[in-house]
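**Student:** A single structure is presented below for examination.
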Number of protein chains: 2
Amino acid sequence: MGVVGDVASVQTGAQSGLVSFDTSPDSYRHWRLSIEGEIATLTLDVDDHGGIVPGYELKMNSYDLGVDIELNDAVQRLRFEHPGVRCVVVTSAKERMFSSGANIRMLAQSSHPWKVNFCKFTNETRNAMEDASENSGQTYLAALNGTAAGGGYEIALACAQILLIDDSSSAVSLPEVPLLGVLPGTGGLTRVTDKRHVRRDLADVFATRPEGVRGRTAVTWGLVDEAVPRATFDEVVRERARAAATRSTRPAHARGIPLTPLRRTITTNDVAYEHVTADLDRGASTAAITIKGPSPEQAPGSLAGMHELGADFWMLAATRELDDLILHLRTNELEIGTWVFRTVGDAASVIACEGLVTANREHDWLANEICLYAKRTLKRLDVTSRSLIALIEPGSCFAGWLLEVALAGDRQYMLDGLAEDGEGEPAAIVMTEANDGVYPMGNALSRLQSRFFGHAEHLQTLAAHRDQPLSAAQALELRLVTAAPDDLDWDDEIRLVLEERAALSPDALTGMEANHRFVGPETTETKIFGRLAAWQNWVFARPNAAGPEGALRRYGTGQRGQFDRKRV
Amino acid sequence: MGVVGDVASVQTGAQSGLVSFDTSPDSYRHWRLSIEGEIATLTLDVDDHGGIVPGYELKMNSYDLGVDIELNDAVQRLRFEHPGVRCVVVTSAKERMFSSGANIRMLAQSSHPWKVNFCKFTNETRNAMEDASENSGQTYLAALNGTAAGGGYEIALACAQILLIDDSSSAVSLPEVPLLGVLPGTGGLTRVTDKRHVRRDLADVFATRPEGVRGRTAVTWGLVDEAVPRATFDEVVRERARAAATRSTRPAHARGIPLTPLRRTITTNDVAYEHVTADLDRGASTAAITIKGPSPEQAPGSLAGMHELGADFWMLAATRELDDLILHLRTNELEIGTWVFRTVGDAASVIACEGLVTANREHDWLANEICLYAKRTLKRLDVTSRSLIALIEPGSCFAGWLLEVALAGDRQYMLDGLAEDGEGEPAAIVMTEANDGVYPMGNALSRLQSRFFGHAEHLQTLAAHRDQPLSAAQALELRLVTAAPDDLDWDDEIRLVLEERAALSPDALTGMEANHRFVGPETTETKIFGRLAAWQNWVFARPNAAGPEGALRRYGTGQRGQFDRKRV
């Protein structure tokens with residue numbers, strides 16, 4: 001994990017002190033990962049002095065972005081490097097304290113964008129844990145050997161089961177409202193009611209009671225699954241872990257895929273990986289992102305070949321790079337407001353790669369994991385507070401999975417015909433099985449279902465055009481692109497789109513895009529990102545929390561927050 | 001409509017210059033209501049000089065709270081006073097301008113709570129229009145005889161059909177993002193995608209294009225239903241109105257119910273109606289609200305008797321009073337953060353009244369309207385940014401519809417047994433058919449379904465206890481109340497609950513309650529109140545919109561807004 005020298009420079013996007021999301025178990029400072037057969041244990045043991053930025057101590061197993069970067073890495077490696085793991089126990093090395101949640105001094109000193117970004121990333125990591133329990137056969141089990149407060153309890157809420165030690169002191173709690181004047185920022189309110197089905201009035205009592213709830217009451221209210229006496233705690237945890245492992249369909253003797261370090265070069269205005277590059281135009285507030293299709297040696301013809309290539313398999317490698325780029329730009333390049341996506345390569349090779357994954361996802365653990373990872377990465381785009389524009393030009397390969405990248409955009413422009421001096425073939429896009437629900441959005445719909453929400457008949461029409469290259473004229477006719485200018489108009493139109501976008505209020509765009517991107521039904525996940533996050537951002541922007549006399553800033557000073565008492 | 005002398009005094013809740021929601025067609029300054037047979041026409045003709053507070057002119061049919069108070073009144077009276085109306089045409093008296101939306105100078109000069117309250121009320125009025133189209137047999141038809149911009153287009157979006165005049169200038173538009181740096185505040189973003197099923201990328205283009213979309217394109221994109229040339233516009237509107245009227249099941253010769261003026265006394269710390277009273281404790285930031293059950297003469301034994309009583313029928317009268325009180329307290333008493341609900345009266349009489357309404361709602365228009373009005377009023381509670389606590393004490397009548405008031409609360413406390421010096425019977429509550437989906441919440445679930453979301457089996461258990469008085473012990477066992485202290489603990493416990501509540505951050509409570517209150521599925525309506533409103537509130541609180549150099553404040557000055565370009 002890259003340590004940041006200076007938070008101010010990070011927030012202005014300066015080139016020194018960038019946050020890096022690289023880490024590996026050998027260099028964890030806050031978590032320990034141990035594996036015994038089919039059960040892994042993730043032990044939180046936060047180094048008080050290991051904050052990712054200066055200014056606070058991470059006491060009582062409280063966490064900051066750095067702690068969560070390690071958790072994200074662990075969740076990810078467990079899936080790919082340890083296919084034999086069927087249950088992951090999350091616990092703490094501290095006495096009588098599982099975790100006291102996000103560090104309050106860190107929150108109090110952080111800028112608004114830092115707080116919002118931090119919450120978004122931690123939310124995504126919690127969702128990744130749930131995705132593992134639900135779809136990977138790696139069930140997360142929270143073994144709360146002490147109090148889990150605030151964000152600490154929210155880690156537990158992201159697990160499929162919660163065991164709380166039943167002693168005279170250990171509680172679960174969400175003390176954010178009463179102590180800090182903010183909301184639980186990592187899905188707590190939503191998961192308590194919508195996932196754990198805690199009654200609304202009890203949820204209200206719980207979230208306003210700083211000391212939380214212990215033992216049997218926590219079970220009765222539904223806040224935890226079991227309260228277990230200290231004497232038998234370890235044994236019961238092991239039993240529950242074994243039982244969860246039994247229910248998994250993970251293969252017994254599969255060989256894991258090492259997630260080798262990413263090769264990345266960051267210069268003043270460029271970020272370059274092997275398959276993904278980004279050129280930043282700071283004047284225009286724009287990043288030009290290009291994803292390259294596979295070379296023949298990265299696109300094996302068989303499942304065995306895919307396993308053999310491992311992290312070098314094009315789709316996995318490109319997904320890892322895109323994932324890292326998203327996190328880098330989000331965290332380190334706040335003023336780059338528009339991301340423009342292009343692809344370069346051969347559509348047939350893309351389809352061969354992703355077809356291997358799609359076709360085998362139900363019976364091959366690695367194909368399944370690559371699918372799920374691509375899904376999670378696309379979901380990161382969906383909740384990214386940047387304008388996303390796809391440009392589909394000759395030489396591009398927006399097919400299947402890569403077409404999802406375009407569909408995740410706020411708009412899609414496709415060049416009709418060739419550029420003036422262009423050679424080769426005009427641009428084409430290809431819909432495949434991958435566009436039919438393999439990579440669902442947070443709302444549980446595919447991007448095509450979302451795009452044509454309320455137009456189910458059009459999805460039928462589209463099905464008849466699957467697996468065929470579609471020209472700009474066809475794509476426009478099938479409503480798959482926003483516009484299809486020809487060579488005469490292309491440069492001017494795209495320039496205008498990007499200039500207009502850059503002139504708009506960044507805040508209004510964030511709100512607008514967050515509303516447009518999730519049409520139709522909602523899930524716990526979209527509620528967390530769409531509703532809870534929006535209210536939290538509002539609260540974060542209000543003096544009652546973040547002002548000099550607000551509860552968040554005053555916490556620990558011995559003075560209570562001073563509130564403007566108007567209800568809004 | 002009460003005109004306010006001084007917006008500052010309103011916002012501090014002082015007793016001068018209160019906003020009143022009373023009005024009637026005779027005193028409208030901005031709308032004209034005309035009725036010809038089964039078709040009513042609501043014509044917007046805003047008086048530039050009729051702003052509800054000083055400081056701006058309502059040019060180009062722009063609106064403020066005062067204009068919307070009249071619209072709310074008209075929608076309400078059409079339902080009760082004009083049962084023969086089957087279609088309501090909404091149009092404008094201005095040349096080439098339907099409405100330019102919420103007045104920008106009004107927004108720019110308003111405090112944060114005023115803007116948020118204004119948006120909430122206008123949203124509720126739009127929902128009431130949709131409720132009339134969907135459930136009352138009064139279809140709203142927008143006849144856009146000129147441009148409908150921003151909030152103007154959002155009025156149209158709340159109609160079941162939109163006809164736009166097809167000329168060289170008239171457009172629909174949502175220019176809030178590009179011109180003002182805020183979001184469309186009255187459901188526009190959500191209704192464009194979720195109700196009208198406009199494709200997301202086109203919705204993005206639309207909401208960033210200040211000049212909007214005209215004619216055929218507006219039809220193709222789904223923004224309007226028809227674009228009609230000027231020459232035939234009036235005729236086509238009439239035809240569509242007649243066709244909508246034909247589909248209605250409204251009775252042909254029913255007698256309307258005049259909505260007589262509310263009798264209300266407001267003193268420094270009291271608001272008193274006939275059936276509803278509120279005592280304000282400003283030190284404790286609490287309103288003690290009491291709803292009285294019916295006297296025998298207000299509770300007729302027959303449907304004919306109910307029609308005869310009209311606005312004096314207890315359930316209608318009490319609903320009107322509660323509705324008005326909610327609006328009064330929300331708008332004029334910002335620092336009263338907790339509303340405590342009590343009832344006084346005879347449960348059997350309550351059940352007789354509401355049973356008459358419930359039993360006849362499918363074949364009697366008035367019973368249906370009272371039901372729908374009670375539903376809308378309960379929904380106002382659900383989205384009110386105040387803590388709602390129900391106290392169930394001896395002598396109360398929380399039965400059926402009134403039990404819904406308790407269930408709308410964040411918590412329910414029930415006194416077990418009698419008070420020390422009490423006489424009579426201990427408190428009881430009664431579930432009736434009314435608690436089984438007659439008054440659905442915005443999430444389309446009943447309050448019991450919401451309360452027991454994920455516990456469907458418990459709803460079966462509850463069904464077996466319907467129509468029986470339930471004691472505090474039973475209510476606690478059936479999870480219908482939060483706690484049931486006895487006389488020894490009651491006073492202390494309630495005092496503590498209210499004191500603790502009053503000490504919490506008002507903003508954090510608003511965010512927390514908005515998340516707890518809508519469990520499970522979401523609808524266009526909950527998305528508007530839960531997601532869109534939260535993002536809008538956030539944007540409203542940010543300097544890019546509302547700061548001295550923000551786009552909202554600078555609009556019309558010839559200077560563009562200055563933005564902090566960080567994306568959050």
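Letters for chains follow the order of the structure tokens (A, B, ...), residue numbers begin at 1 for each chain, and ligand numbers begin at 1 in the order shown.
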DSSP says strand (DSSP E) for which residues of region 300-471 of chain B? Put them as a PDB file with all heavy atoms, in the first residue's frame?

**Tutor:**
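Result file is result-v6.pdb:
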```pdb
ATOM      1  N   THR B 338     -39.418  17.216  17.157  1.00  0.00           N
ATOM      2  CA  THR B 338     -40.093  15.951  17.475  1.00  0.00           C
ATOM      3  C   THR B 338     -41.592  16.190  17.568  1.00  0.00           C
ATOM      4  O   THR B 338     -42.029  17.126  18.235  1.00  0.00           O
ATOM      5  CB  THR B 338     -39.583  15.380  18.815  1.00  0.00           C
ATOM      6  OG1 THR B 338     -38.160  15.247  18.745  1.00  0.00           O
ATOM      7  CG2 THR B 338     -40.197  14.025  19.100  1.00  0.00           C
ATOM      8  N   TRP B 339     -42.339  15.371  16.885  1.00  0.00           N
ATOM      9  CA  TRP B 339     -43.796  15.423  16.973  1.00  0.00           C
ATOM     10  C   TRP B 339     -44.261  14.175  17.727  1.00  0.00           C
ATOM     11  O   TRP B 339     -43.978  13.049  17.318  1.00  0.00           O
ATOM     12  CB  TRP B 339     -44.426  15.417  15.575  1.00  0.00           C
ATOM     13  CG  TRP B 339     -44.109  16.621  14.732  1.00  0.00           C
ATOM     14  CD1 TRP B 339     -43.374  17.718  15.077  1.00  0.00           C
ATOM     15  CD2 TRP B 339     -44.514  16.828  13.364  1.00  0.00           C
ATOM     16  NE1 TRP B 339     -43.295  18.600  14.014  1.00  0.00           N
ATOM     17  CE2 TRP B 339     -43.988  18.084  12.961  1.00  0.00           C
ATOM     18  CE3 TRP B 339     -45.269  16.093  12.456  1.00  0.00           C
ATOM     19  CZ2 TRP B 339     -44.188  18.593  11.679  1.00  0.00           C
ATOM     20  CZ3 TRP B 339     -45.468  16.603  11.179  1.00  0.00           C
ATOM     21  CH2 TRP B 339     -44.948  17.851  10.800  1.00  0.00           C
ATOM     22  N   VAL B 340     -45.005  14.419  18.790  1.00  0.00           N
ATOM     23  CA  VAL B 340     -45.501  13.322  19.617  1.00  0.00           C
ATOM     24  C   VAL B 340     -47.001  13.180  19.366  1.00  0.00           C
ATOM     25  O   VAL B 340     -47.759  14.130  19.548  1.00  0.00           O
ATOM     26  CB  VAL B 340     -45.251  13.619  21.113  1.00  0.00           C
ATOM     27  CG1 VAL B 340     -45.831  12.516  21.973  1.00  0.00           C
ATOM     28  CG2 VAL B 340     -43.749  13.783  21.364  1.00  0.00           C
ATOM     29  N   PHE B 341     -47.404  12.012  18.932  1.00  0.00           N
ATOM     30  CA  PHE B 341     -48.807  11.796  18.568  1.00  0.00           C
ATOM     31  C   PHE B 341     -49.559  11.047  19.656  1.00  0.00           C
ATOM     32  O   PHE B 341     -49.120   9.992  20.117  1.00  0.00           O
ATOM     33  CB  PHE B 341     -48.903  11.001  17.259  1.00  0.00           C
ATOM     34  CG  PHE B 341     -48.630  11.835  16.056  1.00  0.00           C
ATOM     35  CD1 PHE B 341     -47.349  11.950  15.546  1.00  0.00           C
ATOM     36  CD2 PHE B 341     -49.651  12.541  15.428  1.00  0.00           C
ATOM     37  CE1 PHE B 341     -47.076  12.735  14.439  1.00  0.00           C
ATOM     38  CE2 PHE B 341     -49.402  13.326  14.323  1.00  0.00           C
ATOM     39  CZ  PHE B 341     -48.111  13.434  13.819  1.00  0.00           C
ATOM     40  N   ARG B 342     -50.701  11.601  20.038  1.00  0.00           N
ATOM     41  CA  ARG B 342     -51.642  10.913  20.925  1.00  0.00           C
ATOM     42  C   ARG B 342     -53.017  10.914  20.263  1.00  0.00           C
ATOM     43  O   ARG B 342     -53.297  11.745  19.392  1.00  0.00           O
ATOM     44  CB  ARG B 342     -51.760  11.627  22.269  1.00  0.00           C
ATOM     45  CG  ARG B 342     -50.530  11.536  23.166  1.00  0.00           C
ATOM     46  CD  ARG B 342     -50.826  12.233  24.500  1.00  0.00           C
ATOM     47  NE  ARG B 342     -49.711  12.152  25.438  1.00  0.00           N
ATOM     48  CZ  ARG B 342     -48.654  12.966  25.422  1.00  0.00           C
ATOM     49  NH1 ARG B 342     -48.572  13.929  24.505  1.00  0.00           N
ATOM     50  NH2 ARG B 342     -47.694  12.839  26.312  1.00  0.00           N
ATOM     51  N   THR B 343     -53.868  10.011  20.686  1.00  0.00           N
ATOM     52  CA  THR B 343     -55.275  10.069  20.291  1.00  0.00           C
ATOM     53  C   THR B 343     -56.122  10.019  21.550  1.00  0.00           C
ATOM     54  O   THR B 343     -55.689   9.503  22.585  1.00  0.00           O
ATOM     55  CB  THR B 343     -55.674   8.885  19.384  1.00  0.00           C
ATOM     56  OG1 THR B 343     -55.329   7.662  20.048  1.00  0.00           O
ATOM     57  CG2 THR B 343     -54.955   8.943  18.057  1.00  0.00           C
ATOM     58  N   VAL B 344     -57.319  10.579  21.445  1.00  0.00           N
ATOM     59  CA  VAL B 344     -58.273  10.547  22.560  1.00  0.00           C
ATOM     60  C   VAL B 344     -59.629  10.204  21.975  1.00  0.00           C
ATOM     61  O   VAL B 344     -60.068  10.862  21.025  1.00  0.00           O
ATOM     62  CB  VAL B 344     -58.368  11.926  23.250  1.00  0.00           C
ATOM     63  CG1 VAL B 344     -59.451  11.901  24.328  1.00  0.00           C
ATOM     64  CG2 VAL B 344     -57.035  12.326  23.861  1.00  0.00           C
ATOM     65  N   SER B 387     -38.812  13.892  13.851  1.00  0.00           N
ATOM     66  CA  SER B 387     -38.952  12.610  14.538  1.00  0.00           C
ATOM     67  C   SER B 387     -40.396  12.450  14.982  1.00  0.00           C
ATOM     68  O   SER B 387     -40.981  13.370  15.547  1.00  0.00           O
ATOM     69  CB  SER B 387     -38.016  12.558  15.739  1.00  0.00           C
ATOM     70  OG  SER B 387     -36.673  12.677  15.312  1.00  0.00           O
ATOM     71  N   LEU B 388     -40.952  11.288  14.731  1.00  0.00           N
ATOM     72  CA  LEU B 388     -42.368  11.034  15.003  1.00  0.00           C
ATOM     73  C   LEU B 388     -42.475   9.932  16.063  1.00  0.00           C
ATOM     74  O   LEU B 388     -42.003   8.813  15.851  1.00  0.00           O
ATOM     75  CB  LEU B 388     -43.076  10.586  13.719  1.00  0.00           C
ATOM     76  CG  LEU B 388     -42.854  11.463  12.466  1.00  0.00           C
ATOM     77  CD1 LEU B 388     -43.505  10.823  11.248  1.00  0.00           C
ATOM     78  CD2 LEU B 388     -43.399  12.875  12.688  1.00  0.00           C
ATOM     79  N   ILE B 389     -43.090  10.271  17.191  1.00  0.00           N
ATOM     80  CA  ILE B 389     -43.207   9.316  18.291  1.00  0.00           C
ATOM     81  C   ILE B 389     -44.687   9.183  18.645  1.00  0.00           C
ATOM     82  O   ILE B 389     -45.351  10.192  18.876  1.00  0.00           O
ATOM     83  CB  ILE B 389     -42.450   9.823  19.543  1.00  0.00           C
ATOM     84  CG1 ILE B 389     -41.031  10.289  19.196  1.00  0.00           C
ATOM     85  CG2 ILE B 389     -42.474   8.773  20.649  1.00  0.00           C
ATOM     86  CD1 ILE B 389     -39.999   9.225  19.070  1.00  0.00           C
ATOM     87  N   ALA B 390     -45.188   7.962  18.688  1.00  0.00           N
ATOM     88  CA  ALA B 390     -46.582   7.739  19.089  1.00  0.00           C
ATOM     89  C   ALA B 390     -46.625   7.289  20.549  1.00  0.00           C
ATOM     90  O   ALA B 390     -45.880   6.387  20.947  1.00  0.00           O
ATOM     91  CB  ALA B 390     -47.221   6.685  18.194  1.00  0.00           C
ATOM     92  N   LEU B 391     -47.490   7.935  21.321  1.00  0.00           N
ATOM     93  CA  LEU B 391     -47.699   7.534  22.720  1.00  0.00           C
ATOM     94  C   LEU B 391     -49.106   6.980  22.850  1.00  0.00           C
ATOM     95  O   LEU B 391     -50.092   7.680  22.605  1.00  0.00           O
ATOM     96  CB  LEU B 391     -47.510   8.736  23.653  1.00  0.00           C
ATOM     97  CG  LEU B 391     -46.120   9.376  23.655  1.00  0.00           C
ATOM     98  CD1 LEU B 391     -46.046  10.464  24.736  1.00  0.00           C
ATOM     99  CD2 LEU B 391     -45.021   8.338  23.875  1.00  0.00           C
ATOM    100  N   ILE B 392     -49.191   5.735  23.241  1.00  0.00           N
ATOM    101  CA  ILE B 392     -50.473   5.037  23.295  1.00  0.00           C
ATOM    102  C   ILE B 392     -50.841   4.872  24.762  1.00  0.00           C
ATOM    103  O   ILE B 392     -50.246   4.078  25.485  1.00  0.00           O
ATOM    104  CB  ILE B 392     -50.369   3.679  22.566  1.00  0.00           C
ATOM    105  CG1 ILE B 392     -49.825   3.912  21.143  1.00  0.00           C
ATOM    106  CG2 ILE B 392     -51.723   2.979  22.546  1.00  0.00           C
ATOM    107  CD1 ILE B 392     -49.447   2.639  20.411  1.00  0.00           C
ATOM    108  N   ARG B 411     -41.150   5.545  16.403  1.00  0.00           N
ATOM    109  CA  ARG B 411     -41.297   4.631  17.538  1.00  0.00           C
ATOM    110  C   ARG B 411     -42.712   4.704  18.087  1.00  0.00           C
ATOM    111  O   ARG B 411     -43.398   5.717  17.927  1.00  0.00           O
ATOM    112  CB  ARG B 411     -40.342   5.007  18.673  1.00  0.00           C
ATOM    113  CG  ARG B 411     -38.888   5.048  18.279  1.00  0.00           C
ATOM    114  CD  ARG B 411     -38.057   5.251  19.509  1.00  0.00           C
ATOM    115  NE  ARG B 411     -36.702   5.610  19.188  1.00  0.00           N
ATOM    116  CZ  ARG B 411     -35.790   5.934  20.108  1.00  0.00           C
ATOM    117  NH1 ARG B 411     -36.128   5.964  21.393  1.00  0.00           N
ATOM    118  NH2 ARG B 411     -34.567   6.252  19.743  1.00  0.00           N
ATOM    119  N   GLN B 412     -43.100   3.626  18.794  1.00  0.00           N
ATOM    120  CA  GLN B 412     -44.410   3.554  19.422  1.00  0.00           C
ATOM    121  C   GLN B 412     -44.227   3.106  20.876  1.00  0.00           C
ATOM    122  O   GLN B 412     -43.644   2.043  21.115  1.00  0.00           O
ATOM    123  CB  GLN B 412     -45.313   2.524  18.703  1.00  0.00           C
ATOM    124  CG  GLN B 412     -45.564   2.801  17.222  1.00  0.00           C
ATOM    125  CD  GLN B 412     -44.379   2.450  16.334  1.00  0.00           C
ATOM    126  OE1 GLN B 412     -43.586   1.575  16.673  1.00  0.00           O
ATOM    127  NE2 GLN B 412     -44.241   3.110  15.199  1.00  0.00           N
ATOM    128  N   TYR B 413     -44.707   3.923  21.807  1.00  0.00           N
ATOM    129  CA  TYR B 413     -44.658   3.551  23.219  1.00  0.00           C
ATOM    130  C   TYR B 413     -46.075   3.370  23.725  1.00  0.00           C
ATOM    131  O   TYR B 413     -46.942   4.209  23.477  1.00  0.00           O
ATOM    132  CB  TYR B 413     -43.936   4.623  24.041  1.00  0.00           C
ATOM    133  CG  TYR B 413     -42.464   4.674  23.722  1.00  0.00           C
ATOM    134  CD1 TYR B 413     -41.973   5.491  22.710  1.00  0.00           C
ATOM    135  CD2 TYR B 413     -41.562   3.862  24.420  1.00  0.00           C
ATOM    136  CE1 TYR B 413     -40.625   5.516  22.393  1.00  0.00           C
ATOM    137  CE2 TYR B 413     -40.210   3.885  24.114  1.00  0.00           C
ATOM    138  CZ  TYR B 413     -39.750   4.709  23.100  1.00  0.00           C
ATOM    139  OH  TYR B 413     -38.408   4.720  22.797  1.00  0.00           O
ATOM    140  N   MET B 414     -46.317   2.293  24.460  1.00  0.00           N
ATOM    141  CA  MET B 414     -47.665   1.985  24.937  1.00  0.00           C
ATOM    142  C   MET B 414     -47.624   1.763  26.444  1.00  0.00           C
ATOM    143  O   MET B 414     -46.819   0.955  26.935  1.00  0.00           O
ATOM    144  CB  MET B 414     -48.183   0.731  24.225  1.00  0.00           C
ATOM    145  CG  MET B 414     -49.644   0.421  24.492  1.00  0.00           C
ATOM    146  SD  MET B 414     -50.257  -0.777  23.261  1.00  0.00           S
ATOM    147  CE  MET B 414     -51.957  -0.960  23.808  1.00  0.00           C
ATOM    148  N   ILE B 429     -54.946  -1.191  21.338  1.00  0.00           N
ATOM    149  CA  ILE B 429     -54.911  -0.817  19.926  1.00  0.00           C
ATOM    150  C   ILE B 429     -55.686  -1.869  19.154  1.00  0.00           C
ATOM    151  O   ILE B 429     -55.857  -3.004  19.619  1.00  0.00           O
ATOM    152  CB  ILE B 429     -53.476  -0.713  19.369  1.00  0.00           C
ATOM    153  CG1 ILE B 429     -52.735  -2.060  19.495  1.00  0.00           C
ATOM    154  CG2 ILE B 429     -52.688   0.383  20.080  1.00  0.00           C
ATOM    155  CD1 ILE B 429     -51.366  -2.059  18.829  1.00  0.00           C
ATOM    156  N   VAL B 430     -56.168  -1.489  17.972  1.00  0.00           N
ATOM    157  CA  VAL B 430     -56.935  -2.425  17.156  1.00  0.00           C
ATOM    158  C   VAL B 430     -56.454  -2.357  15.709  1.00  0.00           C
ATOM    159  O   VAL B 430     -56.423  -1.277  15.113  1.00  0.00           O
ATOM    160  CB  VAL B 430     -58.453  -2.107  17.188  1.00  0.00           C
ATOM    161  CG1 VAL B 430     -59.238  -3.217  16.467  1.00  0.00           C
ATOM    162  CG2 VAL B 430     -58.955  -1.921  18.610  1.00  0.00           C
ATOM    163  N   PRO B 469     -59.266  -5.764  20.353  1.00  0.00           N
ATOM    164  CA  PRO B 469     -58.449  -4.848  21.146  1.00  0.00           C
ATOM    165  C   PRO B 469     -57.232  -5.593  21.686  1.00  0.00           C
ATOM    166  O   PRO B 469     -57.369  -6.694  22.233  1.00  0.00           O
ATOM    167  CB  PRO B 469     -59.374  -4.397  22.276  1.00  0.00           C
ATOM    168  CG  PRO B 469     -60.586  -5.243  22.202  1.00  0.00           C
ATOM    169  CD  PRO B 469     -60.593  -6.000  20.921  1.00  0.00           C
ATOM    170  N   LEU B 470     -56.070  -5.010  21.507  1.00  0.00           N
ATOM    171  CA  LEU B 470     -54.832  -5.652  21.968  1.00  0.00           C
ATOM    172  C   LEU B 470     -54.249  -4.829  23.102  1.00  0.00           C
ATOM    173  O   LEU B 470     -54.049  -3.615  22.975  1.00  0.00           O
ATOM    174  CB  LEU B 470     -53.831  -5.736  20.813  1.00  0.00           C
ATOM    175  CG  LEU B 470     -54.301  -6.513  19.575  1.00  0.00           C
ATOM    176  CD1 LEU B 470     -53.319  -6.326  18.416  1.00  0.00           C
ATOM    177  CD2 LEU B 470     -54.464  -7.995  19.912  1.00  0.00           C
TER     178      LEU B 470
END
```

**Student:** Only residues of chain B matter here; which ones have an atom within 7 Å of chain A, counting only C-alpha atoms? Give them as a VMD selection string.

**Tutor:** chain B and resid 113 116 177 to 178 181 to 183 189 to 190 193 to 194 197 199 to 202 204 334 to 335 337 385 to 386 410 to 411 451 to 454 482 504 to 508 511 to 512 515 to 517 519 to 522 530 to 532 534 to 539 541 544 563 565 to 568

**Student:** Could you list, as a list in words, every residue within 10 Å of Thr249 (chain B), counting only C-alpha atoms and ignoring same-chain residues fewer than 3 positions away?

**Tutor:**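 Counting only C-alpha atoms, the residues come to Gly84, Arg86, Ser136, Gly137, Gln138, Ala245, Thr246, Ala252, His363 and Trp365 of chain B.
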
**Student:** Can you tell me how far CA of Glu95 (chain B) sits from CA of Leu164 (chain B), in Å to one decimal?

**Tutor:**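 That distance, rounded to one decimal, is 13.7 Å.
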
**Student:** Just the number, please: distance in Å from CA of Asp364 (chain A) to CA of Leu303 (chain A), one decimal.

**Tutor:** 8.6 Å

**Student:** May I have the residues within 8 Å of region 223-229 of chain B as a list in words, using only C-alpha atoms and disregarding those fewer than 5 positions away in the same chain?

**Tutor:**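 In the requested format, the answer is Gln161, Ile162, Leu163, Leu164, Ile165, Asp166, Asp167, Val172, Val192, Arg196, Val198, Gly215, Arg216, Ala218 and Val236 of chain B.
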
**Student:** I'd like the neighbourhood of region 460-468 of chain A as a PyMOL selection string, where a residue qualifies if any of its atoms comes within 10 Å (using only C-alpha atoms), though same-chain residues fewer than 5 positions away should be ignored.

**Tutor:** chain A and resi 351+399-400+428-433+435-436+448+455+474+478-480

**Student:** In terms of the shortest atom-to-atom distance over only C-alpha atoms, which of A:Ile266, A:Ala171, A:Ala359, A:Leu372 is closest to Glu130 (chain A)?

**Tutor:**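 Selected residue with least distance to Glu130 (chain A): A:Leu372.
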
**Student:** List the spatial neighbours of Cys87 (chain B) as a ChimeraX atom specification - criterion: any atom at most 12 Å away, only C-alpha atoms, same-chain residues fewer than 5 positions off excluded.

**Tutor:** /B:34-42,75,78-79,82,129,132-134,136-142,159-161,237-250

**Student:** List as a list in words the protein and nucleic acid residues near Arg376 (chain B), meaning an atom at most 10 Å away when only C-alpha atoms are counted, but skip any in the same chain fewer than 5 places from it.

**Tutor:**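 The filter keeps Glu124, Thr125, Asn127, Ala128, Asp131, Thr319, Asp323, Ile370, Cys371, Leu381, Asp382, Tyr439, Pro440, Met441 and Gly442 of chain B.
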